Structure formats: structure tokens, C-alpha cells
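S.K.: Let me give you the structure first, and then I'll get to my questions.
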Amino acid sequence: MKKQIKNNVSWVGYIDWELEQFHGDDYSIMNGSSQNAYLVQEEKTVLIDTVWAPHSFEFVENLKKEIDLNDIDYIIVNHGEVDHSGSLPALMTEIPDTPIYCTANAVKSLEGQYGKHNWNFNVVKTGDSLDIGNGKQLVFVEMKMLHWPDSMATYMTGDNILFSNDAFGQHYAVEEMYNDKANQCLLWKEAIKYYANILNPFSPFVTRKIKEIVDLNLPIDIIAPSHGAIWRDNPLQIVEKYVEWADNYQEDQITIAYDTMWDGTARIAHEIAREISKQSPDTVVKVFNVAKMDKNEIMTEVFKSKAIAVGSPTVGNDILSSVAGWMAFLKSLKFKNKKGAAFGCYGWSGESVKVIKEKLADAGFAVVEPEVKSQWNPSEADFANIPALVEGLLA
Ligand code: FEO
């Protein structure tokens, strides 16, 4: 169903209440999501992005209820990832000659995924524009690495709308459409989770790109991303947050992540948590068993933290696979300016703490000493290093 956004601009996307996982199973969806596509009906009719392939039939049929597909003058593909381009093949079978405006990398992405169909691609770069009549233009801004090499945003003059694609989005189903109508706790929880788990590795690009957009001095009344709520109430608030988040963001928080075999490593985790609260009562402390808790939610807490402590018992001269997998994910998110400490129990050989320290350093964390290592069950003597470890994390 078409929903008007402003003047002749409407939302024609898909609100995905059933979605539970995204990027395969690599991103948990707790509050639904949406794939936002937009229809601009000025003198020219323009479709901006589509929706994920499983919803392509419904997407095309809904569009047909609103317009004659042959009336679409231009299609804008801001990003080739399948959640936004997945309905393009179905649409193009109906209107195969319609010009598609996208970046050169998006052509590679679309032809790589869907094959070469001689679609009418028109490659655009930052600053290129498209006249859509009624005195309005679409201006293209390449958003390379936000978050793929092909990403771009489209700015509509006159109505001052920035169609930002993934940037400024959230995996959050908002039937009410707008940021001012959405539940504020969920909106910001999902916005920061999205940044931490998807955009954080590209923070240097975020900083540069936002400066470039701000320097263009364009009036922005609405930021319409491709997921979640549309920012119409003080839309620049999410831009300001991105500037903050991209600058090695951290709060007064320490996150403890561990897995355990016979509860010894869990006991050390909770003892570290108690010591943090004792030494620094205002510091927020979070404790997660990485085998049981959602990894994306944990990473959001890591993103907010100034330091982390990671624990695993020794097994097979190494660490538990749950912790190893979690630390591989940790490394991929390229956190900066954070400290890390290691702890764990062992029965015989005891390599886990050394392995964790190596992985923390490899993930870009400043490793704090001393470690906390306990043979068999942790005793008061084993806890003796915890105050110094916590001092190191808090310093
Ligand atoms: Fe929402 Fe990069 O796709």
C-alpha cells in the first residue's frame, strides 16, 4: 500500500514483521524490519529502490494498483544488495527498457547477482543529477563503503528529501512510518545496534562522507532510509549521532563476555563484574554468556563499552568454539580505542587466557594485565588478580 511521505513522494516498501534474521543468520531481528522503497510522481515518475526477492510478487502487484508500470520513467538503484534490489528482476520483466540510475559498482553487483539482461543502465557519480520536472531534481551522492562499494544516496531538491539507503536505517518495523511516532527506546536501540553491527567497520568513511554531505549545505527536511523509521522530526539528529558513533564511541561501560564448561569461568566473570561495581559504582557493567545470548546484542554493548573482559576455559589447548567464533566476529567489527582483558579456568594445559589475549590484540584491543587464570575451581587466591585487572580496565 502506497503511503504519502511528502507532496508527490510516497513509500511503497514492505514492512517485514516476520523477519527474524538478516544477512543469513548473522544479524538478529528482534522488532521486525522493513525494506523501504519510494515512488516519486512529479512530471517524471521515479521508483527509488525495490524490496527483497521473497516479496517481489506482492511488491510489483502493489505498484500496479498505484500506477501503470509503463509510466515509470526512471528507476534509481541506490544499492545492489538483494534486500533492495531483489524485486528488480521481476519488475524488469514487465518494463525491460526502463532506465536504471546507479553507480558503476552497482552495475557489477546487479549483473553479478541477476545476470546480464541488457538493462538500460545509466551510471552516475556524486553531483550528477536527473531532472524530474516541476522544478525538481534528483542529485546523486556516492556512499562508497556505507556499507558496500556500490552504495549511494539520492537527494531530491524542492522537497529536500535525502533517500539515504542503508545509512541512518534500523532493522525495526514501524507501521507508523516516522521517527517521531516510533517507540523512542526501540528506535534508538535498533539504530545503535545497526550502526555497531553493520556500519562500525566503516566509521572512517562515515566521518568523511557526513562532512562531505554537510559541506554541500543542502537543506534536509526528511531522511528516508531503506530500513525502519523515516526521520522527519529533526532529521539531522541521526546524522549527529552517526558523527558521535563514528568517532571511537564509548560510554562509561565495561562488558564481560564468556563461556564456561563447569561454571568456573562463569564465577570469575561475575567476580570481575562485582569488582568493577566496587571500584567504580557508576560504571555500567554487562555480563553475557556468548553461547547463550544473542551475539549482535552483545556487540552493541561492546560498541558502547570502553573496555571488555573475555573469558573461556581451556579445551583442546585452545578456547571454546563459542568464544572463538564470537571473537572472530569481534575482530570483523574493527573496534578502536578499547581495552581488553582475559580470564579463564583450566584443568591441565591452560592455554585459553593466552589465546584470548592474542585474539584481543589481533582485534585491535589494548590488552590489560594481569590476566585471571584458575586451575580447577576458582579460589580466593585465584581472585587476587581481579582488583588489578579491573584497575587496568577502568584506567
Ligand atoms: Fe539493506 Fe546493504 O542492504
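Residue numbers start at 1 in each chain; chains themselves are named A, B, ... in the order of the C-alpha cells; ligands are numbered from 1 in the order shown.
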Range 326-343 of chain A: which residues within 8 Å, counting only C-alpha atoms, same-chain residues fewer than 4 positions away excluded, as a PyMOL selection string?

M.R.: chain A and resi 196-198+200-201+248+265+268-269+290+295+299+303+305-312+322+352-354+356-357+359-360+362-373+389+393

S.K.: Name the residues, by chain letter and number, that sit within 8 Å of ligand 1 using only C-alpha atoms and all ligand atoms, and give them as a list of chain:residue names.

M.R.: A:Gln35, A:His79, A:Gly80, A:Glu81, A:Val82, A:Asp83, A:His84, A:His147, A:Trp148, A:Ser151, A:Asn165, A:Asp166, A:Ser226, A:His227

S.K.: Skipping near chain neighbours, those fewer than 6 positions away, what residues fall within 9 Å of Cys102 in chain A using only C-alpha atoms, listed as a JSON list (two decimals) with N, CA, C and O atoms, in the first residue's frame?

M.R.:
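Result saved to selection-v8.json:
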[["chain", "number", "residue", "atom", "x", "y", "z"],
["A", 75, "ILE", "N", 14.22, 4.28, -12.83],
["A", 75, "ILE", "CA", 14.40, 3.51, -11.58],
["A", 75, "ILE", "C", 15.76, 3.90, -11.00],
["A", 75, "ILE", "O", 16.77, 3.91, -11.73],
["A", 76, "ILE", "N", 15.76, 4.23, -9.72],
["A", 76, "ILE", "CA", 17.02, 4.53, -9.03],
["A", 76, "ILE", "C", 17.38, 3.33, -8.18],
["A", 76, "ILE", "O", 16.57, 2.90, -7.34],
["A", 77, "VAL", "N", 18.56, 2.78, -8.38],
["A", 77, "VAL", "CA", 19.05, 1.70, -7.51],
["A", 77, "VAL", "C", 20.16, 2.29, -6.64],
["A", 77, "VAL", "O", 21.29, 2.47, -7.09],
["A", 78, "ASN", "N", 19.81, 2.60, -5.41],
["A", 78, "ASN", "CA", 20.81, 3.19, -4.52],
["A", 78, "ASN", "C", 21.83, 2.15, -4.06],
["A", 78, "ASN", "O", 22.92, 2.51, -3.62],
["A", 79, "HIS", "N", 21.47, 0.86, -4.15],
["A", 79, "HIS", "CA", 22.34, -0.18, -3.57],
["A", 79, "HIS", "C", 21.91, -1.53, -4.17],
["A", 79, "HIS", "O", 20.71, -1.81, -4.26],
["A", 80, "GLY", "N", 22.89, -2.33, -4.54],
["A", 80, "GLY", "CA", 22.58, -3.59, -5.20],
["A", 80, "GLY", "C", 22.29, -4.76, -4.28],
["A", 80, "GLY", "O", 21.91, -5.83, -4.76],
["A", 121, "PHE", "N", 21.26, 0.63, -18.15],
["A", 121, "PHE", "CA", 21.95, 1.27, -17.03],
["A", 121, "PHE", "C", 22.45, 2.66, -17.40],
["A", 121, "PHE", "O", 22.99, 2.87, -18.49],
["A", 122, "ASN", "N", 22.29, 3.57, -16.46],
["A", 122, "ASN", "CA", 22.87, 4.91, -16.58],
["A", 122, "ASN", "C", 23.73, 5.14, -15.35],
["A", 122, "ASN", "O", 23.21, 5.32, -14.25],
["A", 123, "VAL", "N", 25.05, 5.09, -15.55],
["A", 123, "VAL", "CA", 25.96, 5.18, -14.41],
["A", 123, "VAL", "C", 26.08, 6.63, -13.95],
["A", 123, "VAL", "O", 26.27, 7.54, -14.77],
["A", 124, "VAL", "N", 25.95, 6.82, -12.63],
["A", 124, "VAL", "CA", 26.04, 8.19, -12.08],
["A", 124, "VAL", "C", 27.15, 8.27, -11.03],
["A", 124, "VAL", "O", 27.54, 7.26, -10.44],
["A", 125, "LYS", "N", 27.62, 9.49, -10.82],
["A", 125, "LYS", "CA", 28.64, 9.78, -9.82],
["A", 125, "LYS", "C", 28.12, 10.91, -8.91],
["A", 125, "LYS", "O", 27.11, 11.56, -9.23],
["A", 140, "PHE", "N", 22.62, 12.80, -7.07],
["A", 140, "PHE", "CA", 23.19, 11.54, -6.57],
["A", 140, "PHE", "C", 24.46, 11.79, -5.76],
["A", 140, "PHE", "O", 25.27, 12.66, -6.11],
["A", 150, "ASP", "N", 29.13, -0.18, -3.74],
["A", 150, "ASP", "CA", 28.20, 0.36, -4.74],
["A", 150, "ASP", "C", 27.18, 1.33, -4.16],
["A", 150, "ASP", "O", 26.40, 1.93, -4.90],
["A", 151, "SER", "N", 27.16, 1.49, -2.84],
["A", 151, "SER", "CA", 26.07, 2.26, -2.21],
["A", 151, "SER", "C", 26.06, 3.72, -2.64],
["A", 151, "SER", "O", 27.11, 4.33, -2.84],
["A", 152, "MET", "N", 24.86, 4.26, -2.76],
["A", 152, "MET", "CA", 24.73, 5.71, -2.99],
["A", 152, "MET", "C", 23.45, 6.22, -2.33],
["A", 152, "MET", "O", 22.59, 5.43, -1.93]]

S.K.: Provide the CA of Val46 in chain A to CA of Ile223 in chain A distance in Å, to one decimal place.

M.R.: 17.5 Å

S.K.: Just want the 6 Å neighbourhood of Val40 in chain A, counted on only C-alpha atoms, with same-chain residues fewer than 2 positions away dropped. Output as a list in words.

M.R.: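 My reading of the contact set: Asn8, Val9, Thr45 and Val46 of chain A.
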
S.K.: Report as a VMD selection string: the residues of range 173-393 of chain A with a DSSP assignment of strand (DSSP E or B), based on the backbone of this structure.

M.R.: chain A and resid 178 222 to 225 230 to 231 253 to 258 284 to 289 307 to 311 314 to 315 318 to 319 339 to 346 366 to 367 372 to 375

S.K.: With N, CA and C atoms retained, could you export that selection as a CSV table (one decimal), in the first residue's frame?

M.R.:
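Written out: part02.csv:
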chain,number,residue,atom,x,y,z
A,178,TYR,N,7.2,7.1,10.9
A,178,TYR,CA,8.1,8.2,11.2
A,178,TYR,C,8.8,8.1,12.5
A,222,ILE,N,13.8,15.7,5.3
A,222,ILE,CA,13.5,14.3,5.6
A,222,ILE,C,14.7,13.5,5.2
A,223,ILE,N,15.0,12.5,6.1
A,223,ILE,CA,16.0,11.5,5.7
A,223,ILE,C,15.2,10.2,5.6
A,224,ALA,N,15.1,9.6,4.4
A,224,ALA,CA,14.3,8.4,4.2
A,224,ALA,C,15.2,7.2,3.9
A,225,PRO,N,15.6,6.5,4.9
A,225,PRO,CA,16.5,5.3,4.7
A,225,PRO,C,15.7,4.1,4.2
A,230,ILE,N,11.4,6.6,9.1
A,230,ILE,CA,11.8,7.8,8.3
A,230,ILE,C,12.0,9.0,9.2
A,231,TRP,N,13.1,9.6,9.1
A,231,TRP,CA,13.4,10.7,10.0
A,231,TRP,C,12.9,12.0,9.5
A,253,GLN,N,31.2,2.2,30.4
A,253,GLN,CA,30.6,0.9,30.5
A,253,GLN,C,31.7,-0.2,30.2
A,254,ILE,N,31.6,-1.3,30.9
A,254,ILE,CA,32.5,-2.4,30.7
A,254,ILE,C,31.7,-3.7,30.4
A,255,THR,N,32.0,-4.4,29.4
A,255,THR,CA,31.2,-5.6,29.1
A,255,THR,C,32.1,-6.8,29.3
A,256,ILE,N,31.5,-7.8,29.9
A,256,ILE,CA,32.2,-9.1,30.2
A,256,ILE,C,31.5,-10.2,29.3
A,257,ALA,N,32.3,-10.9,28.5
A,257,ALA,CA,31.8,-11.9,27.6
A,257,ALA,C,32.5,-13.2,27.9
A,258,TYR,N,31.8,-14.3,28.0
A,258,TYR,CA,32.5,-15.5,28.4
A,258,TYR,C,31.7,-16.7,28.0
A,284,VAL,N,28.7,1.3,34.1
A,284,VAL,CA,27.7,0.3,33.7
A,284,VAL,C,28.4,-1.0,33.4
A,285,VAL,N,27.9,-2.1,34.0
A,285,VAL,CA,28.6,-3.4,33.8
A,285,VAL,C,27.5,-4.4,33.1
A,286,LYS,N,28.0,-5.1,32.1
A,286,LYS,CA,27.1,-6.1,31.4
A,286,LYS,C,27.9,-7.4,31.4
A,287,VAL,N,27.2,-8.5,31.7
A,287,VAL,CA,27.8,-9.8,31.7
A,287,VAL,C,27.0,-10.7,30.7
A,288,PHE,N,27.7,-11.3,29.8
A,288,PHE,CA,27.0,-12.2,28.8
A,288,PHE,C,27.7,-13.5,28.6
A,289,ASN,N,26.9,-14.6,28.6
A,289,ASN,CA,27.5,-15.9,28.2
A,289,ASN,C,27.3,-15.9,26.7
A,307,ALA,N,35.8,-0.8,27.7
A,307,ALA,CA,36.7,-2.0,27.9
A,307,ALA,C,35.8,-3.2,27.9
A,308,ILE,N,36.5,-4.3,27.6
A,308,ILE,CA,35.8,-5.6,27.8
A,308,ILE,C,36.7,-6.6,28.5
A,309,ALA,N,36.1,-7.6,29.1
A,309,ALA,CA,36.9,-8.8,29.6
A,309,ALA,C,36.3,-10.0,28.9
A,310,VAL,N,37.2,-10.9,28.4
A,310,VAL,CA,36.7,-12.1,27.7
A,310,VAL,C,37.2,-13.3,28.4
A,311,GLY,N,36.4,-14.3,28.6
A,311,GLY,CA,36.8,-15.5,29.3
A,311,GLY,C,36.4,-16.8,28.6
A,314,THR,N,40.1,-23.6,29.1
A,314,THR,CA,40.9,-24.2,28.1
A,314,THR,C,40.3,-25.6,27.7
A,315,VAL,N,40.2,-25.8,26.3
A,315,VAL,CA,39.7,-27.1,25.8
A,315,VAL,C,40.5,-27.4,24.6
A,318,ASP,N,43.1,-24.9,23.5
A,318,ASP,CA,42.5,-23.7,22.9
A,318,ASP,C,41.4,-23.1,23.7
A,319,ILE,N,40.5,-22.4,23.1
A,319,ILE,CA,39.3,-21.9,23.8
A,319,ILE,C,38.0,-22.5,23.2
A,339,LYS,N,39.9,-1.2,25.6
A,339,LYS,CA,40.8,-2.1,26.3
A,339,LYS,C,40.2,-3.5,26.4
A,340,GLY,N,41.0,-4.5,26.6
A,340,GLY,CA,40.5,-5.8,26.8
A,340,GLY,C,41.4,-6.6,27.8
A,341,ALA,N,40.7,-7.5,28.5
A,341,ALA,CA,41.4,-8.4,29.5
A,341,ALA,C,40.9,-9.8,29.3
A,342,ALA,N,41.7,-10.8,29.8
A,342,ALA,CA,41.4,-12.2,29.5
A,342,ALA,C,41.3,-12.9,30.9
A,343,PHE,N,40.4,-13.9,30.9
A,343,PHE,CA,40.3,-14.8,32.1
A,343,PHE,C,39.8,-16.1,31.7
A,344,GLY,N,40.1,-17.1,32.6
A,344,GLY,CA,39.6,-18.4,32.3
A,344,GLY,C,40.1,-19.5,33.2
A,345,CYS,N,39.4,-20.6,33.3
A,345,CYS,CA,39.8,-21.8,34.1
A,345,CYS,C,40.4,-22.8,33.2
A,346,TYR,N,41.1,-23.7,33.8
A,346,TYR,CA,41.7,-24.8,33.1
A,346,TYR,C,41.9,-26.0,34.0
A,366,ALA,N,43.6,-2.9,23.3
A,366,ALA,CA,44.8,-2.8,24.1
A,366,ALA,C,44.7,-3.7,25.2
A,367,VAL,N,45.5,-4.7,25.3
A,367,VAL,CA,45.4,-5.8,26.3
A,367,VAL,C,45.9,-5.4,27.6
A,372,VAL,N,43.5,-13.3,34.6
A,372,VAL,CA,43.0,-14.1,35.7
A,372,VAL,C,42.8,-15.5,35.2
A,373,LYS,N,43.6,-16.4,35.9
A,373,LYS,CA,43.7,-17.8,35.4
A,373,LYS,C,43.5,-18.7,36.6
A,374,SER,N,42.7,-19.7,36.5
A,374,SER,CA,42.5,-20.5,37.6
A,374,SER,C,42.5,-22.0,37.2
A,375,GLN,N,43.3,-22.8,38.0
A,375,GLN,CA,43.3,-24.2,37.7
A,375,GLN,C,42.2,-24.9,38.6

S.K.: List the neighbours of Leu39 in chain A out to 12 Å using only C-alpha atoms; skip same-chain residues closer than 3 positions along the sequence, and give me the result as an MDAnalysis selection string.

M.R.: chainID A and resid 1:13 36 42 44:50 62:63 66:67 69 71:76 156 163 224
